[in-house]
Structure formats: structure tokens, C-alpha cells
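Undergrad: See run-v5.txt below, with compact mmCIF, N, CA, C and O atoms.
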# COMPACT_ATOMS: atom_id res chain seq x y z
N MET A 1 -20.28 -16.90 -44.49
CA MET A 1 -19.72 -17.14 -43.18
C MET A 1 -20.65 -16.53 -42.16
O MET A 1 -21.03 -15.38 -42.26
N SER A 2 -21.05 -17.28 -41.16
CA SER A 2 -21.97 -16.75 -40.15
C SER A 2 -21.19 -16.15 -39.01
O SER A 2 -20.13 -16.64 -38.62
N GLU A 3 -21.72 -15.06 -38.48
CA GLU A 3 -21.06 -14.40 -37.36
C GLU A 3 -21.69 -14.87 -36.06
O GLU A 3 -22.89 -15.06 -35.98
N THR A 4 -20.85 -15.05 -35.07
CA THR A 4 -21.35 -15.40 -33.75
C THR A 4 -21.30 -14.14 -32.90
O THR A 4 -20.41 -13.32 -33.06
N PRO A 5 -22.29 -13.97 -32.05
CA PRO A 5 -22.27 -12.78 -31.21
C PRO A 5 -21.04 -12.78 -30.32
O PRO A 5 -20.65 -13.81 -29.77
N SER A 6 -20.42 -11.63 -30.22
CA SER A 6 -19.21 -11.56 -29.41
C SER A 6 -19.59 -11.44 -27.94
O SER A 6 -20.54 -10.77 -27.59
N GLN A 7 -18.86 -12.16 -27.13
CA GLN A 7 -19.06 -12.11 -25.69
C GLN A 7 -17.79 -11.60 -25.06
O GLN A 7 -16.70 -11.84 -25.57
N PRO A 8 -17.93 -10.90 -23.94
CA PRO A 8 -16.72 -10.45 -23.27
C PRO A 8 -15.91 -11.66 -22.81
O PRO A 8 -16.47 -12.72 -22.54
N PRO A 9 -14.59 -11.51 -22.77
CA PRO A 9 -13.75 -12.63 -22.32
C PRO A 9 -14.17 -13.09 -20.93
O PRO A 9 -14.52 -12.29 -20.08
N PHE A 10 -14.14 -14.35 -20.71
CA PHE A 10 -14.43 -14.97 -19.43
C PHE A 10 -15.88 -14.76 -18.99
O PHE A 10 -16.20 -14.82 -17.82
N ALA A 11 -16.77 -14.48 -19.93
CA ALA A 11 -18.17 -14.22 -19.58
C ALA A 11 -18.80 -15.44 -18.93
O ALA A 11 -19.67 -15.30 -18.09
N GLU A 12 -18.36 -16.61 -19.32
CA GLU A 12 -18.98 -17.81 -18.77
C GLU A 12 -18.09 -18.50 -17.75
O GLU A 12 -18.37 -19.61 -17.33
N ALA A 13 -17.02 -17.85 -17.33
CA ALA A 13 -16.13 -18.45 -16.35
C ALA A 13 -16.82 -18.49 -15.00
O ALA A 13 -17.51 -17.56 -14.62
N PRO A 14 -16.66 -19.58 -14.26
CA PRO A 14 -17.30 -19.66 -12.95
C PRO A 14 -16.64 -18.69 -11.97
O PRO A 14 -15.47 -18.39 -12.07
N ALA A 15 -17.44 -18.21 -11.05
CA ALA A 15 -16.92 -17.30 -10.03
C ALA A 15 -16.04 -18.06 -9.08
O ALA A 15 -16.30 -19.21 -8.76
N LEU A 16 -15.00 -17.40 -8.60
CA LEU A 16 -14.12 -18.02 -7.62
C LEU A 16 -14.75 -17.89 -6.25
O LEU A 16 -15.39 -16.91 -5.93
N SER A 17 -14.56 -18.89 -5.44
CA SER A 17 -15.10 -18.83 -4.08
C SER A 17 -14.01 -19.21 -3.11
O SER A 17 -13.01 -19.80 -3.47
N SER A 18 -14.22 -18.87 -1.87
CA SER A 18 -13.24 -19.22 -0.85
C SER A 18 -13.46 -20.61 -0.30
O SER A 18 -12.69 -21.08 0.51
N GLY A 19 -14.51 -21.28 -0.71
CA GLY A 19 -14.82 -22.64 -0.23
C GLY A 19 -13.96 -23.66 -0.91
O GLY A 19 -13.12 -23.37 -1.75
N ALA A 20 -14.18 -24.88 -0.56
CA ALA A 20 -13.41 -25.97 -1.15
C ALA A 20 -13.83 -26.19 -2.59
O ALA A 20 -14.98 -26.03 -2.95
N ALA A 21 -12.88 -26.54 -3.40
CA ALA A 21 -13.16 -26.84 -4.80
C ALA A 21 -13.88 -28.18 -4.87
O ALA A 21 -13.75 -29.00 -3.96
N PRO A 22 -14.65 -28.41 -5.94
CA PRO A 22 -15.33 -29.70 -6.06
C PRO A 22 -14.33 -30.84 -5.98
O PRO A 22 -13.26 -30.79 -6.59
N GLY A 23 -14.65 -31.84 -5.19
CA GLY A 23 -13.77 -33.00 -5.05
C GLY A 23 -12.64 -32.76 -4.07
O GLY A 23 -11.76 -33.59 -3.93
N ARG A 24 -12.64 -31.64 -3.41
CA ARG A 24 -11.56 -31.34 -2.49
C ARG A 24 -12.14 -31.16 -1.10
O ARG A 24 -13.11 -30.44 -0.92
N SER A 25 -11.55 -31.78 -0.13
CA SER A 25 -12.08 -31.67 1.23
C SER A 25 -11.83 -30.28 1.78
O SER A 25 -10.94 -29.57 1.34
N SER A 26 -12.63 -29.88 2.75
CA SER A 26 -12.46 -28.57 3.39
C SER A 26 -11.09 -28.45 4.03
O SER A 26 -10.48 -27.40 4.02
N ALA A 27 -10.60 -29.53 4.62
CA ALA A 27 -9.30 -29.50 5.27
C ALA A 27 -8.20 -29.25 4.26
O ALA A 27 -7.28 -28.47 4.50
N ARG A 28 -8.30 -29.91 3.10
CA ARG A 28 -7.30 -29.69 2.07
C ARG A 28 -7.37 -28.27 1.54
O ARG A 28 -6.36 -27.66 1.26
N ALA A 29 -8.57 -27.73 1.38
CA ALA A 29 -8.73 -26.36 0.91
C ALA A 29 -8.14 -25.38 1.91
O ALA A 29 -7.49 -24.41 1.54
N ALA A 30 -8.36 -25.63 3.20
CA ALA A 30 -7.82 -24.75 4.23
C ALA A 30 -6.30 -24.81 4.23
O ALA A 30 -5.63 -23.79 4.37
N LYS A 31 -5.75 -26.02 4.06
CA LYS A 31 -4.30 -26.18 4.03
C LYS A 31 -3.71 -25.45 2.82
O LYS A 31 -2.69 -24.78 2.92
N ALA A 32 -4.38 -25.52 1.67
CA ALA A 32 -3.90 -24.86 0.47
C ALA A 32 -3.94 -23.35 0.63
O ALA A 32 -3.02 -22.66 0.21
N SER A 33 -5.00 -22.83 1.26
CA SER A 33 -5.08 -21.38 1.42
C SER A 33 -4.07 -20.90 2.45
O SER A 33 -3.57 -19.79 2.37
N ALA A 34 -3.73 -21.73 3.45
CA ALA A 34 -2.73 -21.35 4.43
C ALA A 34 -1.34 -21.30 3.81
O ALA A 34 -0.49 -20.53 4.24
N ALA A 35 -1.12 -22.12 2.79
CA ALA A 35 0.18 -22.15 2.14
C ALA A 35 0.35 -21.01 1.14
O ALA A 35 1.45 -20.69 0.74
N ALA A 36 -0.74 -20.37 0.76
CA ALA A 36 -0.67 -19.26 -0.19
C ALA A 36 0.04 -18.08 0.45
O ALA A 36 -0.07 -17.86 1.65
N PRO A 37 0.80 -17.32 -0.34
CA PRO A 37 1.51 -16.18 0.23
C PRO A 37 0.52 -15.14 0.77
O PRO A 37 -0.55 -14.93 0.20
N ALA A 38 0.89 -14.52 1.86
CA ALA A 38 0.03 -13.52 2.47
C ALA A 38 -0.01 -12.27 1.58
O ALA A 38 1.00 -11.89 0.99
N VAL A 39 -1.17 -11.67 1.49
CA VAL A 39 -1.32 -10.44 0.73
C VAL A 39 -0.78 -9.31 1.59
O VAL A 39 -1.16 -9.15 2.75
N THR A 40 0.14 -8.54 1.04
CA THR A 40 0.72 -7.45 1.80
C THR A 40 -0.17 -6.22 1.72
O THR A 40 -0.88 -6.01 0.75
N ASP A 41 -0.13 -5.43 2.76
CA ASP A 41 -0.93 -4.21 2.84
C ASP A 41 -0.30 -3.17 1.92
O ASP A 41 0.86 -2.81 2.10
N PRO A 42 -1.06 -2.65 0.94
CA PRO A 42 -0.49 -1.65 0.04
C PRO A 42 -0.16 -0.35 0.75
O PRO A 42 0.59 0.47 0.23
N ASN A 43 -0.70 -0.16 1.95
CA ASN A 43 -0.41 1.05 2.70
C ASN A 43 0.70 0.86 3.71
O ASN A 43 0.95 1.73 4.53
N ASP A 44 1.39 -0.29 3.68
CA ASP A 44 2.53 -0.51 4.55
C ASP A 44 3.74 0.19 3.95
O ASP A 44 4.29 -0.25 2.94
N VAL A 45 4.12 1.28 4.54
CA VAL A 45 5.20 2.10 4.01
C VAL A 45 6.43 2.07 4.92
O VAL A 45 7.35 2.86 4.73
N SER A 46 6.44 1.18 5.88
CA SER A 46 7.48 1.18 6.90
C SER A 46 8.89 0.98 6.36
O SER A 46 9.85 1.42 6.98
N ALA A 47 9.03 0.34 5.22
CA ALA A 47 10.36 0.09 4.66
C ALA A 47 10.89 1.27 3.85
O ALA A 47 12.06 1.29 3.49
N LEU A 48 10.05 2.27 3.58
CA LEU A 48 10.47 3.40 2.77
C LEU A 48 11.33 4.39 3.55
O LEU A 48 11.08 4.63 4.74
N SER A 49 12.30 4.96 2.89
CA SER A 49 13.06 6.05 3.51
C SER A 49 12.17 7.29 3.53
O SER A 49 11.15 7.36 2.83
N PHE A 50 12.56 8.26 4.33
CA PHE A 50 11.79 9.50 4.39
C PHE A 50 11.71 10.14 3.01
O PHE A 50 10.64 10.56 2.57
N GLU A 51 12.83 10.18 2.31
CA GLU A 51 12.87 10.83 1.00
C GLU A 51 11.98 10.13 -0.02
O GLU A 51 11.27 10.78 -0.79
N ASP A 52 12.02 8.80 -0.03
CA ASP A 52 11.18 8.04 -0.97
C ASP A 52 9.70 8.23 -0.66
O ASP A 52 8.88 8.39 -1.56
N ALA A 53 9.37 8.22 0.63
CA ALA A 53 7.98 8.41 1.03
C ALA A 53 7.50 9.80 0.66
O ALA A 53 6.38 9.98 0.16
N LEU A 54 8.33 10.81 0.87
CA LEU A 54 7.95 12.18 0.55
C LEU A 54 7.78 12.37 -0.96
O LEU A 54 6.84 13.03 -1.41
N THR A 55 8.65 11.75 -1.74
CA THR A 55 8.54 11.83 -3.20
C THR A 55 7.24 11.20 -3.67
O THR A 55 6.52 11.76 -4.51
N GLU A 56 6.91 10.03 -3.13
CA GLU A 56 5.67 9.36 -3.52
C GLU A 56 4.45 10.16 -3.06
O GLU A 56 3.47 10.29 -3.80
N LEU A 57 4.52 10.72 -1.88
CA LEU A 57 3.41 11.53 -1.36
C LEU A 57 3.20 12.75 -2.26
O LEU A 57 2.06 13.09 -2.59
N ASP A 58 4.27 13.37 -2.68
CA ASP A 58 4.17 14.53 -3.58
C ASP A 58 3.49 14.14 -4.89
O ASP A 58 2.62 14.85 -5.39
N ALA A 59 3.85 12.99 -5.43
CA ALA A 59 3.24 12.52 -6.68
C ALA A 59 1.74 12.25 -6.49
O ALA A 59 0.93 12.58 -7.37
N ILE A 60 1.37 11.68 -5.36
CA ILE A 60 -0.05 11.41 -5.09
C ILE A 60 -0.83 12.71 -4.97
O ILE A 60 -1.93 12.84 -5.51
N VAL A 61 -0.26 13.68 -4.27
CA VAL A 61 -0.94 14.98 -4.11
C VAL A 61 -1.17 15.62 -5.47
O VAL A 61 -2.27 16.10 -5.77
N ARG A 62 -0.15 15.61 -6.31
CA ARG A 62 -0.30 16.19 -7.66
C ARG A 62 -1.39 15.46 -8.45
O ARG A 62 -2.19 16.08 -9.15
N LYS A 63 -1.40 14.15 -8.35
CA LYS A 63 -2.39 13.34 -9.07
C LYS A 63 -3.80 13.66 -8.58
O LYS A 63 -4.72 13.85 -9.38
N LEU A 64 -3.98 13.72 -7.26
CA LEU A 64 -5.30 14.01 -6.70
C LEU A 64 -5.74 15.43 -7.03
O LEU A 64 -6.92 15.67 -7.30
N GLU A 65 -4.80 16.37 -7.01
CA GLU A 65 -5.15 17.75 -7.35
C GLU A 65 -5.57 17.88 -8.80
O GLU A 65 -6.37 18.73 -9.15
N GLY A 66 -5.05 16.99 -9.66
CA GLY A 66 -5.42 16.99 -11.07
C GLY A 66 -6.86 16.57 -11.28
O GLY A 66 -7.50 16.94 -12.26
N GLY A 67 -7.39 15.76 -10.36
CA GLY A 67 -8.78 15.36 -10.40
C GLY A 67 -9.17 14.45 -11.55
O GLY A 67 -10.35 14.35 -11.88
N GLN A 68 -8.23 13.77 -12.16
CA GLN A 68 -8.55 12.93 -13.31
C GLN A 68 -8.74 11.46 -12.97
O GLN A 68 -9.17 10.69 -13.81
N ALA A 69 -8.45 11.08 -11.73
CA ALA A 69 -8.56 9.67 -11.35
C ALA A 69 -10.02 9.31 -11.08
O ALA A 69 -10.83 10.14 -10.69
N LYS A 70 -10.34 8.05 -11.30
CA LYS A 70 -11.67 7.55 -10.97
C LYS A 70 -11.80 7.52 -9.45
O LYS A 70 -10.81 7.49 -8.73
N LEU A 71 -13.03 7.51 -8.97
CA LEU A 71 -13.30 7.62 -7.54
C LEU A 71 -12.57 6.56 -6.73
O LEU A 71 -11.90 6.88 -5.74
N GLU A 72 -12.68 5.30 -7.11
CA GLU A 72 -12.05 4.22 -6.34
C GLU A 72 -10.53 4.39 -6.31
O GLU A 72 -9.89 4.16 -5.29
N GLU A 73 -9.95 4.77 -7.43
CA GLU A 73 -8.51 4.99 -7.49
C GLU A 73 -8.11 6.18 -6.62
O GLU A 73 -7.10 6.14 -5.92
N ALA A 74 -8.92 7.24 -6.65
CA ALA A 74 -8.63 8.42 -5.83
C ALA A 74 -8.69 8.08 -4.34
O ALA A 74 -7.86 8.55 -3.56
N ILE A 75 -9.65 7.25 -3.95
CA ILE A 75 -9.75 6.85 -2.55
C ILE A 75 -8.53 6.04 -2.14
O ILE A 75 -7.95 6.25 -1.07
N ALA A 76 -8.12 5.10 -2.99
CA ALA A 76 -6.94 4.29 -2.70
C ALA A 76 -5.70 5.16 -2.60
O ALA A 76 -4.86 4.98 -1.72
N ASP A 77 -5.58 6.13 -3.53
CA ASP A 77 -4.44 7.05 -3.49
C ASP A 77 -4.46 7.88 -2.21
O ASP A 77 -3.42 8.12 -1.60
N TYR A 78 -5.64 8.32 -1.80
CA TYR A 78 -5.76 9.12 -0.58
C TYR A 78 -5.33 8.30 0.63
O TYR A 78 -4.59 8.80 1.50
N GLU A 79 -5.76 7.04 0.69
CA GLU A 79 -5.37 6.17 1.80
C GLU A 79 -3.86 5.96 1.82
O GLU A 79 -3.22 6.01 2.88
N ARG A 80 -3.28 5.73 0.66
CA ARG A 80 -1.83 5.56 0.57
C ARG A 80 -1.12 6.85 1.00
O ARG A 80 -0.14 6.82 1.73
N GLY A 81 -1.65 7.99 0.55
CA GLY A 81 -1.07 9.27 0.92
C GLY A 81 -1.13 9.51 2.42
O GLY A 81 -0.17 10.02 3.01
N ALA A 82 -2.23 9.14 3.05
CA ALA A 82 -2.35 9.30 4.51
C ALA A 82 -1.31 8.43 5.23
O ALA A 82 -0.69 8.87 6.20
N ALA A 83 -1.10 7.21 4.75
CA ALA A 83 -0.09 6.33 5.34
C ALA A 83 1.30 6.91 5.15
O ALA A 83 2.14 6.88 6.06
N LEU A 84 1.56 7.47 3.97
CA LEU A 84 2.86 8.09 3.71
C LEU A 84 3.08 9.30 4.61
O LEU A 84 4.18 9.51 5.13
N ARG A 85 2.04 10.11 4.80
CA ARG A 85 2.16 11.29 5.67
C ARG A 85 2.50 10.87 7.10
O ARG A 85 3.41 11.43 7.72
N ARG A 86 1.80 9.87 7.62
CA ARG A 86 2.08 9.39 8.98
C ARG A 86 3.52 8.88 9.08
O ARG A 86 4.20 9.12 10.07
N HIS A 87 3.96 8.16 8.05
CA HIS A 87 5.32 7.63 8.04
C HIS A 87 6.34 8.76 8.05
O HIS A 87 7.30 8.73 8.82
N CYS A 88 6.12 9.77 7.23
CA CYS A 88 7.04 10.91 7.18
C CYS A 88 7.07 11.65 8.52
O CYS A 88 8.14 12.03 9.00
N GLU A 89 5.90 11.84 9.13
CA GLU A 89 5.85 12.52 10.43
C GLU A 89 6.61 11.72 11.49
O GLU A 89 7.32 12.29 12.32
N ALA A 90 6.48 10.40 11.47
CA ALA A 90 7.19 9.56 12.44
C ALA A 90 8.69 9.64 12.22
O ALA A 90 9.46 9.73 13.18
N ARG A 91 9.12 9.60 10.95
CA ARG A 91 10.56 9.70 10.66
C ARG A 91 11.11 11.06 11.09
O ARG A 91 12.21 11.14 11.62
N LEU A 92 10.33 12.12 10.88
CA LEU A 92 10.76 13.45 11.30
C LEU A 92 10.85 13.54 12.82
O LEU A 92 11.78 14.15 13.37
N ALA A 93 9.90 12.93 13.53
CA ALA A 93 9.93 12.93 14.99
C ALA A 93 11.17 12.20 15.50
O ALA A 93 11.82 12.65 16.45
N GLU A 94 11.52 11.07 14.86
CA GLU A 94 12.73 10.34 15.24
C GLU A 94 13.97 11.20 15.03
O GLU A 94 14.86 11.25 15.88
N ALA A 95 14.02 11.87 13.89
CA ALA A 95 15.16 12.73 13.59
C ALA A 95 15.25 13.88 14.59
O ALA A 95 16.35 14.23 15.05
N GLU A 96 14.11 14.45 14.95
CA GLU A 96 14.10 15.55 15.92
C GLU A 96 14.62 15.07 17.28
O GLU A 96 15.39 15.78 17.94
N GLN A 97 14.23 13.87 17.69
CA GLN A 97 14.73 13.32 18.96
C GLN A 97 16.24 13.15 18.92
O GLN A 97 16.94 13.44 19.89
N LYS A 98 16.76 12.68 17.79
CA LYS A 98 18.20 12.50 17.66
C LYS A 98 18.93 13.83 17.72
O LYS A 98 19.96 13.96 18.38
N VAL A 99 18.38 14.84 17.06
CA VAL A 99 19.01 16.17 17.08
C VAL A 99 18.97 16.74 18.50
O VAL A 99 19.96 17.30 18.98
N GLN A 100 17.84 16.59 19.18
CA GLN A 100 17.73 17.07 20.56
C GLN A 100 18.76 16.38 21.46
O GLN A 100 19.35 17.00 22.35
N ALA A 101 18.97 15.08 21.22
CA ALA A 101 19.94 14.34 22.01
C ALA A 101 21.35 14.87 21.75
O ALA A 101 22.15 15.00 22.68
N ILE A 102 21.65 15.18 20.52
CA ILE A 102 22.97 15.72 20.17
C ILE A 102 23.16 17.08 20.83
O ILE A 102 24.20 17.36 21.42
N VAL A 103 22.15 17.92 20.74
CA VAL A 103 22.22 19.27 21.30
C VAL A 103 22.37 19.22 22.83
O VAL A 103 23.12 19.98 23.41
N SER A 104 21.65 18.29 23.46
CA SER A 104 21.70 18.22 24.91
C SER A 104 22.92 17.46 25.41
O SER A 104 23.14 17.38 26.62
N GLY A 105 23.71 16.90 24.51
CA GLY A 105 24.93 16.21 24.89
C GLY A 105 24.76 14.73 25.15
O GLY A 105 25.70 14.06 25.53
N SER A 106 23.58 14.20 24.97
CA SER A 106 23.37 12.76 25.15
C SER A 106 23.96 12.01 23.98
O SER A 106 24.10 12.54 22.88
N SER A 107 24.24 10.78 24.18
CA SER A 107 24.75 9.92 23.12
C SER A 107 23.58 9.36 22.32
O SER A 107 22.51 9.10 22.86
N LEU A 108 23.78 9.21 21.03
CA LEU A 108 22.73 8.59 20.19
C LEU A 108 22.47 7.16 20.62
O LEU A 108 21.39 6.64 20.45
N ARG A 109 23.46 6.51 21.22
CA ARG A 109 23.27 5.14 21.68
C ARG A 109 22.23 5.07 22.79
O ARG A 109 21.59 4.06 23.00
N ASP A 110 22.03 6.19 23.50
CA ASP A 110 21.02 6.22 24.57
C ASP A 110 19.61 6.16 24.01
O ASP A 110 18.68 5.80 24.71
N LEU A 111 19.43 6.54 22.73
CA LEU A 111 18.11 6.59 22.13
C LEU A 111 17.68 5.26 21.54
O LEU A 111 16.51 5.05 21.29
N THR A 112 18.61 4.38 21.27
CA THR A 112 18.25 3.12 20.62
C THR A 112 18.08 2.00 21.59
O THR A 112 18.31 2.04 22.71
Is it possible to give me this structure as C-alpha cells?
TA:
Amino acid sequence: MSETPSQPPFAEAPALSSGAAPGRSSARAAKASAAAPAVTDPNDVSALSFEDALTELDAIVRKLEGGQAKLEEAIADYERGAALRRHCEARLAEAEQKVQAIVSGSSLRDLT
């Protein structure tokens, strides 16, 4: 039985491009790409509660302090952590405004 040299999977697969596929007009390619779902920003943390964001931020800090992640992963984690920190600070500022309003006798409805 003869052995064939092993090749990595997809070694001969053509590269993907953003241009039109063969036999497809540019207009059709543009229409198809417009219909594709938008890629969401991994650093969009606006939907997270303060507690969830803080928990995730704590996990990222521990991971980064461990120093075991590859450089690209560590950079992505750092970016996510920075977004989480900003989100937590904004949520805390909102909470502080609400507490100040309560202390000063203003209605919370005045803040919204």
C-alpha cells in the first residue's frame, strides 16, 4: 500500500475574497453581502448588567495576570476588559446620580 503525503486540511482551498464570485455580477455580490447579518462588536457591553460586567472583568484580569494567553488573545482580552471597565464606570456614575437625587429630594423621574 503506498502512502500519500499528508496535507493540512483545506491546503488547496481557494482564498475567500470580498469581490464577486465567478459568474456573479458585482451588483448581485453587493446585494448578497448587504443581506448578510452584521458582525457585532465583541466589545459592545452595553446590554450587560453592572454585576455581569464586573464578573467578566474580574475573570479577564485573573486570566491576564496568569500570563498564559497568547499575545493576540491577551490583546483581545485587554480590549474587552477596557470596554467592561468603561461600562462599569458609566453604570456607577448613573447610580451615583440617582443616589444624589434621592438625597437632595429630587424625584428619580427628573433624571430620566
Undergrad: To one decimal in Å, tell me the separation between atom C of Leu92 of chain A and atom C of Asp77 of chain A.
TA: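 Straight-line distance from atom C of Leu92 of chain A to atom C of Asp77 of chain A works out to 22.2 Å.
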Undergrad: Just the number, please: distance in Å from atom CA of Ile60 of chain A to atom CA of Arg80 of chain A, one decimal.
TA: 8.3 Å
Undergrad: Would you compute the distance between atom CA of Leu57 of chain A and atom O of Gln97 of chain A? Give it in Å to one decimal.
TA: 25.3 Å
Undergrad: Nearest to Phe50 of chain A: which of A:Lys63, A:Arg85, A:Arg91, A:Lys70 is it, counting only C-alpha atoms?
TA: A:Arg91
Undergrad: Kindly list the centre and edge lengths in Å, rounded to one decimal, for the axis-aligned box that covers all listed atoms of segment 51-58 of chain A plus 4 Å on each of its six sides, as JSON.
TA:
{"center_x": 7.5, "center_y": 11.4, "center_z": -1.5, "size_x": 18.8, "size_y": 14.8, "size_z": 15.7}
